[in-house]
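Q: So that you have it, the file is my_file18.cif, and it contains mmCIF, C-alpha atoms:
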```cif
data_protein
loop_
_atom_site.label_atom_id
_atom_site.label_comp_id
_atom_site.auth_asym_id
_atom_site.auth_seq_id
_atom_site.Cartn_x
_atom_site.Cartn_y
_atom_site.Cartn_z
CA MET A 1 -10.44 -29.67 56.99
CA ILE A 2 -8.85 -30.28 53.57
CA ARG A 3 -12.24 -31.34 52.27
CA LYS A 4 -13.74 -28.01 53.39
CA LYS A 5 -10.93 -26.08 51.69
CA ILE A 6 -11.37 -28.02 48.45
CA LEU A 7 -15.13 -27.56 48.60
CA GLY A 8 -14.68 -23.84 49.32
CA PHE A 9 -12.19 -23.50 46.44
CA CYS A 10 -14.54 -25.30 44.02
CA LEU A 11 -17.41 -23.10 45.13
CA ALA A 12 -15.33 -19.94 44.65
CA VAL A 13 -14.23 -21.07 41.16
CA SER A 14 -17.83 -21.90 40.23
CA VAL A 15 -19.08 -18.48 41.38
CA ALA A 16 -16.25 -16.71 39.52
CA ALA A 17 -17.00 -18.69 36.34
CA ALA A 18 -20.71 -17.88 36.59
CA CYS A 19 -19.91 -14.18 37.02
CA MET A 20 -17.61 -14.21 33.99
CA ILE A 21 -20.23 -15.93 31.86
CA GLY A 22 -22.90 -13.46 33.04
CA CYS A 23 -20.66 -10.45 32.41
CA GLY A 24 -19.92 -11.66 28.90
CA SER A 25 -23.54 -12.23 28.02
CA LYS A 26 -25.31 -9.98 25.57
CA THR A 27 -27.26 -7.18 27.15
CA ALA A 28 -30.54 -5.86 25.90
CA ALA A 29 -30.44 -2.91 23.52
CA CYS A 30 -32.91 -0.90 25.62
CA PRO A 31 -34.95 -1.03 28.85
CA PHE A 32 -38.25 -1.97 27.22
CA SER A 33 -37.12 -5.05 25.28
CA GLU A 34 -34.87 -8.05 25.81
CA LEU A 35 -33.63 -8.02 22.21
CA THR A 36 -30.07 -7.14 21.23
CA TRP A 37 -28.94 -5.59 17.95
CA LYS A 38 -28.01 -9.07 16.71
CA ASN A 39 -31.58 -10.41 16.97
CA SER A 40 -33.55 -11.35 13.86
CA VAL A 41 -37.25 -11.05 13.09
CA SER A 42 -37.58 -14.70 14.10
CA ASP A 43 -35.99 -13.93 17.49
CA MET A 44 -38.36 -10.99 17.91
CA GLU A 45 -41.38 -13.18 17.16
CA LYS A 46 -40.17 -15.80 19.66
CA LEU A 47 -40.02 -13.08 22.31
CA GLU A 48 -43.10 -10.99 21.45
CA GLY A 49 -45.25 -13.39 19.42
CA THR A 50 -46.44 -13.52 15.83
CA GLU A 51 -49.46 -11.25 16.35
CA HIS A 52 -48.15 -7.84 15.29
CA GLU A 53 -48.90 -4.90 13.05
CA THR A 54 -46.38 -4.00 10.33
CA TYR A 55 -45.52 -1.05 8.11
CA ASP A 56 -42.50 0.17 6.17
CA SER A 57 -39.50 1.07 8.29
CA VAL A 58 -37.61 4.34 7.77
CA TYR A 59 -34.55 2.08 7.51
CA GLY A 60 -35.77 0.37 4.35
CA GLY A 61 -37.16 -2.79 5.93
CA THR A 62 -40.24 -3.47 8.04
CA THR A 63 -41.44 -2.10 11.38
CA TYR A 64 -43.21 -4.56 13.70
CA THR A 65 -45.39 -3.19 16.51
CA TYR A 66 -46.69 -4.77 19.70
CA PRO A 67 -48.62 -3.43 22.69
CA LYS A 68 -46.10 -2.97 25.49
CA GLU A 69 -46.23 -1.58 29.01
CA PHE A 70 -43.28 0.52 30.17
CA GLU A 71 -43.00 2.54 33.38
CA GLY A 72 -46.52 1.37 34.26
CA VAL A 73 -47.94 2.91 31.08
CA SER A 74 -49.48 1.00 28.15
CA GLY A 75 -47.90 1.99 24.86
CA THR A 76 -46.45 0.37 21.75
CA VAL A 77 -43.01 -1.10 21.13
CA LYS A 78 -41.70 -0.75 17.57
CA TYR A 79 -38.96 -2.98 16.16
CA MET A 80 -37.55 -1.37 13.01
CA TYR A 81 -35.45 -3.49 10.65
CA ASP A 82 -33.35 -2.32 7.72
CA ALA A 83 -33.47 -3.67 4.14
CA GLU A 84 -30.89 -6.36 5.04
CA GLY A 85 -32.96 -7.64 7.96
CA ASN A 86 -30.81 -6.04 10.68
CA LEU A 87 -32.49 -4.57 13.73
CA ALA A 88 -31.92 -0.82 13.34
CA SER A 89 -34.05 0.69 16.11
CA ILE A 90 -36.31 -0.21 19.01
CA ALA A 91 -38.74 2.46 20.12
CA TRP A 92 -41.53 2.72 22.65
CA ALA A 93 -44.36 5.12 21.80
CA TYR A 94 -47.16 6.46 23.92
CA GLY A 95 -50.11 8.71 23.20
CA SER A 96 -52.27 10.50 25.75
CA ASP A 97 -55.14 12.95 25.97
CA ASP A 98 -53.44 14.62 28.95
CA ALA A 99 -50.55 16.97 28.08
CA GLU A 100 -49.40 17.21 31.71
CA GLU A 101 -49.26 13.41 32.05
CA LEU A 102 -47.13 13.29 28.92
CA ARG A 103 -44.80 16.01 30.24
CA GLU A 104 -44.38 14.10 33.52
CA LEU A 105 -43.58 10.84 31.71
CA TYR A 106 -41.09 12.66 29.49
CA GLY A 107 -39.52 14.23 32.58
CA SER A 108 -39.17 10.86 34.30
CA ILE A 109 -37.55 9.21 31.26
CA HIS A 110 -35.33 12.27 30.68
CA SER A 111 -34.20 12.27 34.32
CA ASP A 112 -33.30 8.56 34.15
CA LEU A 113 -31.29 9.13 30.96
CA VAL A 114 -29.44 12.12 32.42
CA SER A 115 -28.60 10.04 35.51
CA ALA A 116 -27.27 7.22 33.33
CA HIS A 117 -25.57 9.18 30.52
CA GLY A 118 -25.26 12.83 31.57
CA GLU A 119 -26.81 15.73 29.70
CA SER A 120 -27.85 15.05 26.12
CA GLY A 121 -25.82 16.19 23.14
CA TYR A 122 -28.84 17.80 21.50
CA ASN A 123 -31.85 19.38 23.13
CA THR A 124 -34.84 21.28 21.85
CA GLN A 125 -37.41 22.72 24.22
CA GLU A 126 -40.50 24.34 22.78
CA ASP A 127 -43.97 24.49 24.26
CA THR A 128 -45.35 21.82 21.95
CA ASN A 129 -42.30 19.90 20.68
CA TYR A 130 -39.30 18.91 22.74
CA GLY A 131 -36.64 16.25 22.71
CA ASP A 132 -33.12 15.13 23.48
CA VAL A 133 -30.51 12.98 21.77
CA TRP A 134 -27.69 11.13 23.49
CA TYR A 135 -24.84 10.27 21.10
CA LEU A 136 -23.28 7.12 22.54
CA LYS A 137 -20.89 4.53 21.12
CA GLU A 138 -23.55 1.90 21.97
CA GLY A 139 -25.97 3.80 19.70
CA ASN A 140 -28.01 6.97 19.92
CA ILE A 141 -30.91 7.40 22.30
CA ILE A 142 -33.71 9.78 21.35
CA VAL A 143 -36.62 10.84 23.51
CA SER A 144 -39.12 13.27 22.03
CA ALA A 145 -42.61 14.57 22.63
CA MET A 146 -45.16 16.42 20.56
CA ILE A 147 -48.18 18.16 22.08
CA THR A 148 -50.82 19.74 19.87
CA ASP A 149 -54.58 20.12 20.11
CA SER A 150 -55.11 16.88 18.21
CA GLN A 151 -51.96 14.89 19.07
CA LYS A 152 -50.10 14.26 22.32
CA ALA A 153 -47.38 11.67 21.85
CA LEU A 154 -44.01 10.59 23.18
CA GLN A 155 -41.41 8.35 21.58
CA TYR A 156 -38.37 6.86 23.33
CA ALA A 157 -35.99 5.27 20.81
CA TYR A 158 -32.71 3.39 20.83
CA ILE A 159 -30.82 3.30 17.55
CA SER A 160 -28.28 0.57 16.76
CA PRO A 161 -24.64 1.70 16.62
CA SER A 162 -24.47 0.92 12.89
CA HIS A 163 -27.53 3.12 12.20
CA SER A 164 -26.67 5.96 14.60
CA THR A 165 -25.37 9.32 13.45
CA PRO A 166 -22.23 10.44 15.30
CA LYS A 167 -22.59 13.82 17.01
CA GLU A 168 -19.85 15.34 14.86
CA ASP A 169 -21.89 14.52 11.72
CA VAL A 170 -24.98 16.39 12.97
CA LYS A 171 -25.32 19.90 11.56
#
```
Re-express the file's structure as structure tokens.
A:
Amino acid sequence: MIRKKILGFCLAVSVAAACMIGCGSKTAACPFSELTWKNSVSDMEKLEGTEHETYDSVYGGTTYTYPKEFEGVSGTVKYMYDAEGNLASIAWAYGSDDAEELRELYGSIHSDLVSAHGESGYNTQEDTNYGDVWYLKEGNIIVSAMITDSQKALQYAYISPSHSTPKEDVK
């Protein structure tokens, strides 16, 4: 009987310790990557591989792109680093020939974000360009779409807290 109680106590302590360790672990910056804002280019390459396209980042560093499926759709994930080598933004981009498909994907992503974070702090809705911004302490989230005769694209971006603009600073 005492043995069962000791075994039960040890099991309970082990489960509690595992939960505490799991709760304290770093969480991914966004739903389409496992990276956190602390991850380096080397960490990114360990996760995604060394086969990538690059171009200048709007944050002064380099953007690295990889093919990436999200929500069952094949698009591109973009890791944008600043001049100091800090991960500034992770975005997933998708282009389509079908405007309605793009609107539906936008609607699905938008709905998920509203469910998780409430209504956005900025919204623009035009026939061809629309988007939302959520101003969060964990960093801004931006989802936007552009539909023209020649271009139909969506971008879903997470911005690091240190590179995000607070809502009160937006004019």
Q: Calculated over only C-alpha atoms, which of the candidates A:Asp149, A:Glu84, A:Asp97, A:Glu69 has the smallest distance to Val41 in chain A?
A: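 The shortest atom-to-atom distance to Val41 in chain A comes from A:Glu84.
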Q: Applied to the shown file, which residues does the PyMOL selection byres ((chain A and resi 168) around 12) return, written as number ranges by chain?
A: A: 121-122, 135-136, 164-167, 169-171
Q: Considering only C-alpha atoms, state which residue in the set A:Leu47, A:Met80, A:Ile90, A:Ala99 is at the smallest distance from Asp127 in chain A.
A: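 That would be A:Ala99, the residue with the smallest distance to Asp127 in chain A.
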Q: Do you know which residues are at most 12 Å from range 32-40 of chain A counting all atoms listed in the file, after dropping those on the same chain fewer than 5 positions away, and could you put them as a ChimeraX atom specification?
A: /A:25-27,45-48,62,64,66-82,84-93,109,138-139,156-163
Q: Write the residues of the preceding selection, restricted to C-alpha atoms, as a compact mmCIF listing (two decimals), in the frame of the given file.
A:
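Output below, filename out_2.txt:
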```
# COMPACT_ATOMS: atom_id res chain seq x y z
CA SER A 25 -23.54 -12.23 28.02
CA LYS A 26 -25.31 -9.98 25.57
CA THR A 27 -27.26 -7.18 27.15
CA GLU A 45 -41.38 -13.18 17.16
CA LYS A 46 -40.17 -15.80 19.66
CA LEU A 47 -40.02 -13.08 22.31
CA GLU A 48 -43.10 -10.99 21.45
CA THR A 62 -40.24 -3.47 8.04
CA TYR A 64 -43.21 -4.56 13.70
CA TYR A 66 -46.69 -4.77 19.70
CA PRO A 67 -48.62 -3.43 22.69
CA LYS A 68 -46.10 -2.97 25.49
CA GLU A 69 -46.23 -1.58 29.01
CA PHE A 70 -43.28 0.52 30.17
CA GLU A 71 -43.00 2.54 33.38
CA GLY A 72 -46.52 1.37 34.26
CA VAL A 73 -47.94 2.91 31.08
CA SER A 74 -49.48 1.00 28.15
CA GLY A 75 -47.90 1.99 24.86
CA THR A 76 -46.45 0.37 21.75
CA VAL A 77 -43.01 -1.10 21.13
CA LYS A 78 -41.70 -0.75 17.57
CA TYR A 79 -38.96 -2.98 16.16
CA MET A 80 -37.55 -1.37 13.01
CA TYR A 81 -35.45 -3.49 10.65
CA ASP A 82 -33.35 -2.32 7.72
CA GLU A 84 -30.89 -6.36 5.04
CA GLY A 85 -32.96 -7.64 7.96
CA ASN A 86 -30.81 -6.04 10.68
CA LEU A 87 -32.49 -4.57 13.73
CA ALA A 88 -31.92 -0.82 13.34
CA SER A 89 -34.05 0.69 16.11
CA ILE A 90 -36.31 -0.21 19.01
CA ALA A 91 -38.74 2.46 20.12
CA TRP A 92 -41.53 2.72 22.65
CA ALA A 93 -44.36 5.12 21.80
CA ILE A 109 -37.55 9.21 31.26
CA GLU A 138 -23.55 1.90 21.97
CA GLY A 139 -25.97 3.80 19.70
CA TYR A 156 -38.37 6.86 23.33
CA ALA A 157 -35.99 5.27 20.81
CA TYR A 158 -32.71 3.39 20.83
CA ILE A 159 -30.82 3.30 17.55
CA SER A 160 -28.28 0.57 16.76
CA PRO A 161 -24.64 1.70 16.62
CA SER A 162 -24.47 0.92 12.89
CA HIS A 163 -27.53 3.12 12.20
```
Q: So, counting only C-alpha atoms, which residue among A:Gly107, A:Thr54, A:Gln151, A:Cys30 is closest to Gly131 in chain A?
A: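 Among the listed residues, A:Gly107 lies closest to Gly131 in chain A.
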Q: As AutoDock Vina command-line options, please: the centre and edge lengths in Å, to one decimal, of an axis-aligned box enclosing every listed atom of range 35-38 of chain A with 6 Å added on each side.
A:
```
--center_x -30.8 --center_y -7.3 --center_z 19.5 --size_x 17.6 --size_y 15.5 --size_z 17.5
```
Q: Which distance in Å separates CA of Thr148 in chain A and CA of His52 in chain A, to one decimal?
A: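 Separation between CA of Thr148 in chain A and CA of His52 in chain A: 28.1 Å.
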Q: CA of Leu154 in chain A to CA of Arg103 in chain A: how many Å, to one decimal?
A: 8.9 Å
Q: Which one is closest to Glu119 in chain A: A:Asp98, A:Glu104, A:Asp132, A:Asp43? Count only C-alpha atoms.
A: A:Asp132
Q: What does the distance from CA of Gln125 in chain A to CA of Ile142 in chain A come to in Å, to one decimal?
A: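 Going from CA of Gln125 in chain A over to CA of Ile142 in chain A, I get 13.8 Å.
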Q: With all atoms listed in the file as the atoms that count, which of A:Tyr59, A:His110, A:Gly95, A:Glu100 lies nearest to Asn123 in chain A?
A: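 Closest residue, counting all atoms listed in the file: A:His110.
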Q: Using all atoms listed in the file, pick whichever of A:Met146, A:Val58, A:Leu105, A:Ala116 has the shortest atom-to-atom distance to Asn129 in chain A.
A: A:Met146
Q: Please provide as a PDB file with C-alpha atoms, in the coordinates of the input all residues within 9 Å of Gly118 in chain A, with the sequence filter that same-chain residues fewer than 4 positions apart are discarded (counting only C-alpha atoms).
A:
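The resulting selection.pdb:
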```
ATOM      1  CA  LEU A 113     -31.290   9.130  30.960  1.00  0.00           C
ATOM      2  CA  VAL A 114     -29.440  12.120  32.420  1.00  0.00           C
ATOM      3  CA  TRP A 134     -27.690  11.130  23.490  1.00  0.00           C
TER       4      TRP A 134
END
```
